[in-house]
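Asker: As input, take entry.json (JSON, C-alpha atoms):
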[["chain", "number", "residue", "atom", "x", "y", "z"],
["K", 1, "MET", "CA", 47.89, 47.24, 151.67],
["K", 2, "SER", "CA", 46.37, 50.66, 151.24],
["K", 3, "ALA", "CA", 45.06, 52.05, 147.98],
["K", 4, "GLN", "CA", 48.12, 54.28, 147.87],
["K", 5, "GLU", "CA", 50.39, 51.25, 148.05],
["K", 6, "TYR", "CA", 48.51, 49.46, 145.25],
["K", 7, "ALA", "CA", 48.94, 52.56, 143.11],
["K", 8, "PHE", "CA", 52.64, 52.63, 143.97],
["K", 9, "VAL", "CA", 53.12, 48.98, 143.03],
["K", 10, "VAL", "CA", 51.49, 49.54, 139.63],
["K", 11, "VAL", "CA", 53.63, 52.64, 139.02],
["K", 12, "ALA", "CA", 56.78, 50.85, 140.18],
["K", 13, "VAL", "CA", 56.20, 47.89, 137.85],
["K", 14, "ILE", "CA", 55.61, 50.24, 134.92],
["K", 15, "GLY", "CA", 58.71, 52.24, 135.85],
["K", 16, "SER", "CA", 60.89, 49.15, 136.22],
["K", 17, "LEU", "CA", 59.81, 47.77, 132.84],
["K", 18, "ALA", "CA", 60.41, 51.18, 131.26],
["K", 19, "ALA", "CA", 63.87, 51.42, 132.84],
["K", 20, "LEU", "CA", 64.70, 47.96, 131.53],
["K", 21, "SER", "CA", 63.47, 49.00, 128.08],
["K", 22, "VAL", "CA", 65.66, 52.11, 128.19],
["K", 23, "VAL", "CA", 68.84, 50.08, 128.46],
["K", 24, "MET", "CA", 67.70, 47.24, 126.17],
["K", 25, "ALA", "CA", 66.16, 49.28, 123.34],
["K", 26, "ARG", "CA", 67.83, 48.93, 119.95],
["K", 27, "ASN", "CA", 66.72, 52.35, 118.79],
["K", 28, "VAL", "CA", 68.17, 55.17, 120.88],
["K", 29, "VAL", "CA", 65.18, 57.44, 120.21],
["K", 30, "HIS", "CA", 62.90, 54.75, 121.61],
["K", 31, "ALA", "CA", 65.23, 54.57, 124.61],
["K", 32, "ALA", "CA", 64.76, 58.30, 125.19],
["K", 33, "LEU", "CA", 60.98, 57.89, 125.01],
["K", 34, "PHE", "CA", 61.08, 54.97, 127.46],
["K", 35, "LEU", "CA", 63.17, 57.22, 129.69],
["K", 36, "VAL", "CA", 60.18, 59.59, 129.81],
["K", 37, "ILE", "CA", 58.01, 56.80, 131.24],
["K", 38, "ALA", "CA", 60.65, 55.72, 133.75],
["K", 39, "LEU", "CA", 61.29, 59.26, 135.00],
["K", 40, "ALA", "CA", 57.57, 60.09, 135.11],
["K", 41, "SER", "CA", 56.93, 56.98, 137.21],
["K", 42, "VAL", "CA", 59.60, 58.15, 139.64],
["K", 43, "GLY", "CA", 57.84, 61.53, 139.74],
["K", 44, "VAL", "CA", 54.48, 59.89, 140.44],
["K", 45, "THR", "CA", 56.11, 57.89, 143.22],
["K", 46, "PHE", "CA", 57.31, 61.16, 144.76],
["K", 47, "LEU", "CA", 53.75, 62.48, 144.63],
["K", 48, "LEU", "CA", 52.38, 59.28, 146.20],
["K", 49, "VAL", "CA", 54.91, 59.46, 149.04],
["K", 50, "GLY", "CA", 53.78, 63.03, 149.69],
["K", 51, "ALA", "CA", 56.72, 64.95, 148.28],
["K", 52, "GLU", "CA", 54.62, 67.29, 146.17],
["K", 53, "PHE", "CA", 57.19, 69.89, 145.28],
["K", 54, "VAL", "CA", 59.94, 67.42, 144.40],
["K", 55, "GLY", "CA", 57.45, 65.35, 142.40],
["K", 56, "TRP", "CA", 56.33, 68.24, 140.22],
["K", 57, "THR", "CA", 59.92, 69.46, 139.89],
["K", 58, "GLN", "CA", 60.91, 65.98, 138.76],
["K", 59, "ILE", "CA", 58.20, 65.91, 136.11],
["K", 60, "LEU", "CA", 58.93, 69.46, 134.91],
["K", 61, "ILE", "CA", 62.71, 69.21, 134.81],
["K", 62, "TYR", "CA", 63.27, 65.62, 133.78],
["K", 63, "VAL", "CA", 60.34, 64.94, 131.50],
["K", 64, "GLY", "CA", 60.11, 68.50, 130.26],
["K", 65, "ALA", "CA", 63.72, 69.54, 129.90],
["K", 66, "ILE", "CA", 66.27, 66.78, 130.22],
["K", 67, "VAL", "CA", 64.64, 64.29, 127.87],
["K", 68, "ILE", "CA", 64.23, 67.05, 125.28],
["K", 69, "LEU", "CA", 67.94, 67.76, 125.72],
["K", 70, "PHE", "CA", 68.66, 64.07, 125.12],
["K", 71, "LEU", "CA", 66.55, 64.09, 121.96],
["K", 72, "PHE", "CA", 68.46, 67.13, 120.71],
["K", 73, "GLY", "CA", 71.71, 65.36, 121.53],
["K", 74, "LEU", "CA", 70.61, 62.30, 119.55],
["K", 75, "MET", "CA", 69.51, 64.45, 116.65],
["K", 76, "LEU", "CA", 72.83, 66.33, 116.51],
["K", 77, "THR", "CA", 74.94, 63.18, 116.78],
["K", 78, "LYS", "CA", 73.27, 60.99, 114.20],
["K", 79, "ALA", "CA", 76.00, 58.42, 113.88],
["K", 80, "PRO", "CA", 76.51, 56.83, 110.45],
["K", 81, "ILE", "CA", 74.53, 53.65, 109.82],
["K", 82, "GLY", "CA", 76.48, 50.52, 110.68],
["K", 83, "ARG", "CA", 77.89, 51.74, 113.95],
["K", 84, "ASP", "CA", 74.67, 50.86, 115.73],
["K", 85, "THR", "CA", 75.76, 47.24, 115.79],
["K", 86, "LEU", "CA", 78.76, 48.19, 117.93],
["K", 87, "ASP", "CA", 76.50, 49.81, 120.50],
["K", 88, "HIS", "CA", 75.25, 46.69, 122.21],
["K", 89, "GLN", "CA", 77.75, 43.86, 121.81],
["K", 90, "THR", "CA", 77.19, 40.40, 123.23],
["K", 91, "GLN", "CA", 80.30, 40.41, 125.40],
["K", 92, "ASN", "CA", 79.37, 43.71, 127.03],
["K", 93, "ARG", "CA", 75.81, 42.50, 127.52],
["K", 94, "ILE", "CA", 76.93, 39.41, 129.41],
["K", 95, "VAL", "CA", 79.36, 41.24, 131.69],
["K", 96, "GLY", "CA", 76.96, 44.13, 132.24],
["K", 97, "GLY", "CA", 74.08, 41.77, 132.91],
["K", 98, "ILE", "CA", 76.03, 39.78, 135.50],
["K", 99, "VAL", "CA", 77.26, 42.90, 137.30],
["K", 100, "ALA", "CA", 73.82, 44.53, 137.26],
["K", 101, "LEU", "CA", 72.11, 41.35, 138.49],
["K", 102, "LEU", "CA", 74.60, 40.92, 141.33],
["K", 103, "MET", "CA", 74.20, 44.58, 142.25],
["K", 104, "PHE", "CA", 70.41, 44.27, 142.31],
["K", 105, "LEU", "CA", 70.51, 41.11, 144.42],
["K", 106, "GLY", "CA", 72.98, 42.72, 146.82],
["K", 107, "LEU", "CA", 71.01, 45.94, 147.18],
["K", 108, "ALA", "CA", 67.64, 44.21, 147.48],
["K", 109, "SER", "CA", 68.79, 41.60, 150.01],
["K", 110, "LEU", "CA", 70.54, 44.26, 152.10],
["K", 111, "THR", "CA", 67.45, 46.49, 152.03],
["K", 112, "LEU", "CA", 65.07, 43.69, 152.92],
["K", 113, "ARG", "CA", 67.35, 42.44, 155.68],
["K", 114, "VAL", "CA", 67.56, 45.82, 157.37],
["K", 115, "TRP", "CA", 63.91, 46.79, 156.75],
["K", 116, "PRO", "CA", 61.81, 43.62, 156.44],
["K", 117, "VAL", "CA", 58.61, 44.29, 154.49],
["K", 118, "GLY", "CA", 56.28, 42.99, 157.19],
["K", 119, "THR", "CA", 57.61, 44.73, 160.26],
["K", 120, "THR", "CA", 59.05, 47.95, 158.98],
["K", 121, "VAL", "CA", 57.67, 51.41, 159.57],
["K", 122, "ALA", "CA", 55.42, 52.69, 156.85],
["K", 123, "SER", "CA", 56.43, 55.86, 155.12],
["K", 124, "ALA", "CA", 53.62, 58.17, 156.10],
["K", 125, "PRO", "CA", 53.10, 61.24, 153.95],
["K", 126, "VAL", "CA", 55.54, 63.94, 155.00],
["K", 127, "ASP", "CA", 54.81, 67.61, 154.56],
["K", 128, "GLY", "CA", 56.47, 68.08, 151.18],
["K", 129, "SER", "CA", 54.62, 71.23, 150.26],
["K", 130, "THR", "CA", 56.37, 74.11, 148.60],
["K", 131, "GLY", "CA", 56.18, 76.08, 151.83],
["K", 132, "ALA", "CA", 57.90, 73.42, 153.93],
["K", 133, "ILE", "CA", 60.64, 72.88, 151.34],
["K", 134, "GLY", "CA", 61.17, 76.62, 150.94],
["K", 135, "THR", "CA", 61.43, 77.15, 154.68],
["K", 136, "SER", "CA", 64.02, 74.41, 155.01],
["K", 137, "LEU", "CA", 65.89, 75.56, 151.91],
["K", 138, "PHE", "CA", 66.17, 79.20, 152.90],
["K", 139, "ASN", "CA", 66.70, 78.65, 156.62],
["K", 140, "ASP", "CA", 69.20, 75.82, 156.71],
["K", 141, "TYR", "CA", 70.58, 75.42, 153.19],
["K", 142, "VAL", "CA", 71.08, 78.93, 151.85],
["K", 143, "LEU", "CA", 74.78, 78.50, 151.11],
["K", 144, "PRO", "CA", 74.38, 75.19, 149.17],
["K", 145, "PHE", "CA", 71.49, 76.81, 147.31],
["K", 146, "GLU", "CA", 73.68, 79.70, 146.18],
["K", 147, "VAL", "CA", 76.50, 77.33, 145.30],
["K", 148, "VAL", "CA", 74.08, 75.33, 143.12],
["K", 149, "SER", "CA", 73.03, 78.50, 141.32],
["K", 150, "PHE", "CA", 76.68, 79.24, 140.63],
["K", 151, "LEU", "CA", 77.20, 75.67, 139.43],
["K", 152, "LEU", "CA", 74.29, 76.01, 137.02],
["K", 153, "LEU", "CA", 75.70, 79.27, 135.68],
["K", 154, "ALA", "CA", 79.13, 77.66, 135.18],
["K", 155, "ALA", "CA", 77.53, 74.65, 133.47],
["K", 156, "LEU", "CA", 75.51, 76.94, 131.19],
["K", 157, "ILE", "CA", 78.57, 78.91, 130.11],
["K", 158, "GLY", "CA", 80.64, 75.74, 129.81],
["K", 159, "ALA", "CA", 78.07, 74.04, 127.62],
["K", 160, "ILE", "CA", 77.85, 77.08, 125.34],
["K", 161, "VAL", "CA", 81.63, 77.31, 125.04],
["K", 162, "LEU", "CA", 82.00, 73.58, 124.35],
["K", 163, "ALA", "CA", 79.20, 73.16, 121.84],
["K", 164, "ARG", "CA", 79.74, 76.42, 119.94],
["K", 165, "LYS", "CA", 81.04, 76.09, 116.42],
["K", 166, "ASP", "CA", 84.50, 77.59, 116.05],
["K", 167, "ASP", "CA", 84.28, 79.52, 112.80],
["K", 168, "GLY", "CA", 87.51, 81.45, 113.36],
["K", 169, "SER", "CA", 85.81, 84.84, 113.59],
["K", 170, "ASP", "CA", 86.45, 84.95, 117.34],
["K", 171, "THR", "CA", 89.50, 84.06, 119.32],
["F", 1, "MET", "CA", 51.00, 54.73, 153.54],
["F", 2, "ILE", "CA", 53.62, 53.13, 151.36],
["F", 3, "ARG", "CA", 55.99, 50.73, 153.08],
["F", 4, "LEU", "CA", 59.60, 51.89, 152.87],
["F", 5, "PRO", "CA", 61.30, 48.70, 151.53],
["F", 6, "LEU", "CA", 59.02, 48.59, 148.49],
["F", 7, "VAL", "CA", 60.25, 52.02, 147.42],
["F", 8, "LEU", "CA", 63.84, 51.02, 148.14],
["F", 9, "VAL", "CA", 63.52, 47.89, 145.98],
["F", 10, "PHE", "CA", 62.10, 49.99, 143.13],
["F", 11, "ALA", "CA", 65.14, 52.26, 143.51],
["F", 12, "ALA", "CA", 67.41, 49.20, 143.43],
["F", 13, "VAL", "CA", 65.80, 48.09, 140.15],
["F", 14, "LEU", "CA", 66.34, 51.52, 138.61],
["F", 15, "PHE", "CA", 69.94, 51.65, 139.83],
["F", 16, "SER", "CA", 70.74, 48.19, 138.46],
["F", 17, "CYS", "CA", 69.26, 49.10, 135.08],
["F", 18, "GLY", "CA", 71.49, 52.17, 135.10],
["F", 19, "VAL", "CA", 74.56, 50.10, 135.91],
["F", 20, "TYR", "CA", 73.74, 47.69, 133.11],
["F", 21, "GLY", "CA", 73.28, 50.58, 130.68],
["F", 22, "VAL", "CA", 76.62, 52.16, 131.58],
["F", 23, "LEU", "CA", 78.44, 48.84, 131.23],
["F", 24, "ALA", "CA", 76.73, 47.37, 128.17],
["F", 25, "ARG", "CA", 75.87, 50.30, 125.92],
["F", 26, "ARG", "CA", 78.60, 52.00, 123.91],
["F", 27, "ASN", "CA", 76.61, 54.95, 122.59],
["F", 28, "ALA", "CA", 77.66, 57.96, 124.70],
["F", 29, "VAL", "CA", 74.13, 59.38, 124.81],
["F", 30, "MET", "CA", 72.82, 56.03, 126.04],
["F", 31, "VAL", "CA", 75.48, 56.04, 128.77],
["F", 32, "LEU", "CA", 74.28, 59.48, 129.89],
["F", 33, "MET", "CA", 70.68, 58.24, 129.96],
["F", 34, "ALA", "CA", 71.71, 55.30, 132.14],
["F", 35, "ILE", "CA", 73.47, 57.71, 134.51],
["F", 36, "GLU", "CA", 70.19, 59.64, 134.76],
["F", 37, "LEU", "CA", 68.45, 56.43, 135.79],
["F", 38, "MET", "CA", 71.00, 55.91, 138.57],
["F", 39, "LEU", "CA", 70.62, 59.50, 139.81],
["F", 40, "ASN", "CA", 66.86, 58.99, 139.90],
["F", 41, "ALA", "CA", 67.29, 55.88, 142.01],
["F", 42, "VAL", "CA", 69.29, 57.96, 144.48],
["F", 43, "ASN", "CA", 66.56, 60.62, 144.53],
["F", 44, "LEU", "CA", 63.96, 57.97, 145.15],
["F", 45, "ASN", "CA", 65.90, 56.73, 148.18],
["F", 46, "LEU", "CA", 66.34, 60.27, 149.52],
["F", 47, "VAL", "CA", 62.64, 61.08, 149.23],
["F", 48, "ALA", "CA", 61.57, 57.70, 150.64],
["F", 49, "PHE", "CA", 63.75, 58.14, 153.71],
["F", 50, "SER", "CA", 62.58, 61.74, 154.02],
["F", 51, "ALA", "CA", 58.99, 60.50, 154.19],
["F", 52, "SER", "CA", 59.86, 57.66, 156.54],
["F", 53, "LEU", "CA", 61.78, 59.87, 158.97],
["F", 54, "LYS", "CA", 59.32, 62.77, 158.62],
["F", 55, "ASP", "CA", 62.18, 65.13, 157.87],
["F", 56, "VAL", "CA", 62.10, 67.45, 154.87],
["F", 57, "THR", "CA", 65.91, 67.50, 154.51],
["F", 58, "GLY", "CA", 65.93, 64.49, 152.20],
["F", 59, "GLN", "CA", 63.66, 66.29, 149.77],
["F", 60, "VAL", "CA", 65.90, 69.36, 149.79],
["F", 61, "PHE", "CA", 68.83, 67.10, 148.95],
["F", 62, "ALA", "CA", 66.81, 65.50, 146.16],
["F", 63, "LEU", "CA", 66.28, 68.98, 144.71],
["F", 64, "PHE", "CA", 70.04, 69.60, 144.81],
["F", 65, "VAL", "CA", 70.65, 66.27, 143.09],
["F", 66, "ILE", "CA", 68.15, 67.23, 140.37],
["F", 67, "ALA", "CA", 69.95, 70.55, 139.83],
["F", 68, "VAL", "CA", 73.36, 68.91, 139.64],
["F", 69, "ALA", "CA", 71.97, 66.25, 137.27],
["F", 70, "ALA", "CA", 70.63, 68.96, 134.98],
["F", 71, "ALA", "CA", 74.07, 70.62, 134.90],
["F", 72, "GLU", "CA", 75.70, 67.25, 134.27],
["F", 73, "VAL", "CA", 73.43, 66.46, 131.33],
["F", 74, "GLY", "CA", 74.06, 69.86, 129.77],
["F", 75, "ILE", "CA", 77.82, 69.55, 129.97],
["F", 76, "GLY", "CA", 77.77, 65.87, 129.04],
["F", 77, "LEU", "CA", 75.75, 66.42, 125.88],
["F", 78, "ALA", "CA", 77.96, 69.38, 124.92],
["F", 79, "LEU", "CA", 80.97, 67.09, 125.26],
["F", 80, "VAL", "CA", 79.27, 64.37, 123.21],
["F", 81, "ILE", "CA", 78.44, 66.86, 120.45],
["F", 82, "LEU", "CA", 82.02, 68.10, 120.46],
["F", 83, "LEU", "CA", 83.24, 64.50, 120.31],
["F", 84, "PHE", "CA", 80.95, 63.77, 117.38],
["F", 85, "ARG", "CA", 82.20, 66.84, 115.56],
["F", 86, "ASN", "CA", 85.83, 65.80, 115.99],
["F", 87, "ARG", "CA", 85.59, 62.03, 115.58],
["F", 88, "ALA", "CA", 82.32, 61.50, 113.67],
["F", 89, "SER", "CA", 81.49, 58.82, 116.21],
["F", 90, "ILE", "CA", 80.09, 58.72, 119.73],
["F", 91, "ASN", "CA", 81.19, 55.20, 120.55],
["F", 92, "VAL", "CA", 82.81, 55.44, 123.97],
["F", 93, "ASP", "CA", 85.20, 52.57, 123.16],
["F", 94, "GLU", "CA", 86.81, 54.64, 120.42],
["F", 95, "VAL", "CA", 87.69, 57.47, 122.78],
["F", 96, "ASP", "CA", 90.80, 55.85, 124.20],
["F", 97, "LEU", "CA", 93.45, 58.52, 123.67],
["F", 98, "LEU", "CA", 94.15, 58.79, 127.41],
["F", 99, "LYS", "CA", 93.95, 55.04, 128.00],
["F", 100, "TRP", "CA", 97.09, 53.40, 129.33]]
Just give me the structure of the file as structure tokens.
Answerer:
Amino acid sequence: MSAQEYAFVVVAVIGSLAALSVVMARNVVHAALFLVIALASVGVTFLLVGAEFVGWTQILIYVGAIVILFLFGLMLTKAPIGRDTLDHQTQNRIVGGIVALLMFLGLASLTLRVWPVGTTVASAPVDGSTGAIGTSLFNDYVLPFEVVSFLLLAALIGAIVLARKDDGSDT
Amino acid sequence: MIRLPLVLVFAAVLFSCGVYGVLARRNAVMVLMAIELMLNAVNLNLVAFSASLKDVTGQVFALFVIAVAAAEVGIGLALVILLFRNRASINVDEVDLLKW
């Protein structure tokens, strides 16, 4: 095992525990803060694999923007006390736990059967610099890029229209 | 040098946590957070295979997934806020108007 791989294993264990805490946390604000750790560990994994640009984008967008959005969402939808008990019922926990466990066992066994840990190719650092990504993006994926910009614009307008308070002064 | 299956198993853990969150939690914001976990697992797989195959395409796709996830969270939270304003509750079990 290389030093890089040791670092990855530490980050992956932290990220897995944080992800588990996100879905098990009683307090939703704590869940959002655990989400920061889980998403940051994914970002660090990107950096360790060599995907610099995606790693920093992950940390900027997820940790910087999306979690803040979640915290605003939690703040604006402070449900009355007493409903929290309905959030995480025993019956749902059992069914969800069984399905999630089966899904993990299926995914992990399939992965390890196709790519056994001992014999598989190592993921060497790829050139994930901003230059390489930009070249690929603007040579081969210009149309999807423009479509994504349009999607973001539509989502922006849609979110404003949905969340705006209707005070009757406009149509 | 990180071996590919280790990253894939980490992604499987994240995805399973997301599935559990969507199934077990009834708070709409929690469901959205669990969906984010699943999208991150997908990104992890894309970047891991990109590194393993030495092809930058996977990373470009991961960027697209991040952009779409950002749009999804924005719209999703706007819907949740609208729901809270109309129903004073964000329990997804109570939103069953269209249920058969």
Asker: What is the atom CA of His30 of chain K-atom CA of Phe72 of chain K distance in Å, reported with one decimal?
Answerer: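 Taking atom CA of His30 of chain K as the start and atom CA of Phe72 of chain K as the end point, the length is 13.6 Å.
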Asker: Using only C-alpha atoms, what table do you get, as a tab-separated table, when you list each residue of chain F with an atom no more than 6 Å from chain K, its nearest pair of atoms, and their distance in Å rounded to one decimal, rows by chain then rising number?
Answerer:
residue	atom	partner	partner_atom	distance
F:Met1	CA	K:Ala124	CA	5.0
F:Ile2	CA	K:Glu5	CA	5.0
F:Arg3	CA	K:Ala122	CA	4.3
F:Leu4	CA	K:Ser123	CA	5.6
F:Pro5	CA	K:Val117	CA	6.0
F:Val9	CA	K:Ala108	CA	5.7
F:Ala12	CA	K:Phe104	CA	5.9
F:Ser16	CA	K:Ala100	CA	4.9
F:Cys17	CA	K:Leu20	CA	5.9
F:Val19	CA	K:Ala100	CA	5.8
F:Tyr20	CA	K:Gly96	CA	4.9
F:Gly21	CA	K:Val23	CA	5.0
F:Leu23	CA	K:Gly96	CA	5.0
F:Ala24	CA	K:Asn92	CA	4.7
F:Arg25	CA	K:His88	CA	5.2
F:Arg26	CA	K:Asp87	CA	4.6
F:Asn27	CA	K:Asp87	CA	5.5
F:Ala51	CA	K:Val126	CA	4.9
F:Ser52	CA	K:Ser123	CA	4.1
F:Lys54	CA	K:Val126	CA	5.4
F:Ala71	CA	K:Ala155	CA	5.5
F:Ile75	CA	K:Ala159	CA	5.1
F:Ala78	CA	K:Ala163	CA	5.0
F:Leu82	CA	K:Ala163	CA	6.0
F:Ser89	CA	K:Ala79	CA	6.0
Asker: In Å, with one decimal, what is the gap from atom CA of Val29 of chain F to atom CA of Ile90 of chain F?
Answerer: 7.9 Å
Asker: Could you jot down the atom CA of Val56 of chain F to atom CA of Asn40 of chain F separation for me, Å, one decimal place?
Answerer: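 Result for atom CA of Val56 of chain F versus atom CA of Asn40 of chain F: 17.8 Å, one decimal.
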Asker: Taking all atoms listed in the file into account, name the residue in F:Leu39, F:Leu53, F:Ala88, F:Met33 that is nearest to Val68 of chain F.
Answerer: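 Of the candidates, the smallest distance to Val68 of chain F is held by F:Leu39.
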Asker: Let me know the centre plus edge lengths, in Å and rounded to one decimal, of a box with edges along x, y and z that contains all listed atoms of segment 73-76 of chain F and is padded by 8 Å on every side, as lines of an AutoDock Vina configuration file.
Answerer:
center_x = 75.6
center_y = 67.9
center_z = 130.2
size_x = 20.4
size_y = 20.0
size_z = 18.3
Asker: Report as a list in words all protein, DNA and RNA residues lying within 7 Å of Val47 of chain F, evaluated on only C-alpha atoms, omitting residues in the same chain fewer than 3 positions from it.
Answerer: Phe46 of chain K; Asn43, Leu44, Ser50, Ala51, Gly58, Gln59 and Ala62 of chain F
Asker: Could you list, as a count of residues only, every residue within 7 Å of Val80 of chain F, counting only C-alpha atoms and ignoring same-chain residues fewer than 3 positions away?
Answerer: 6
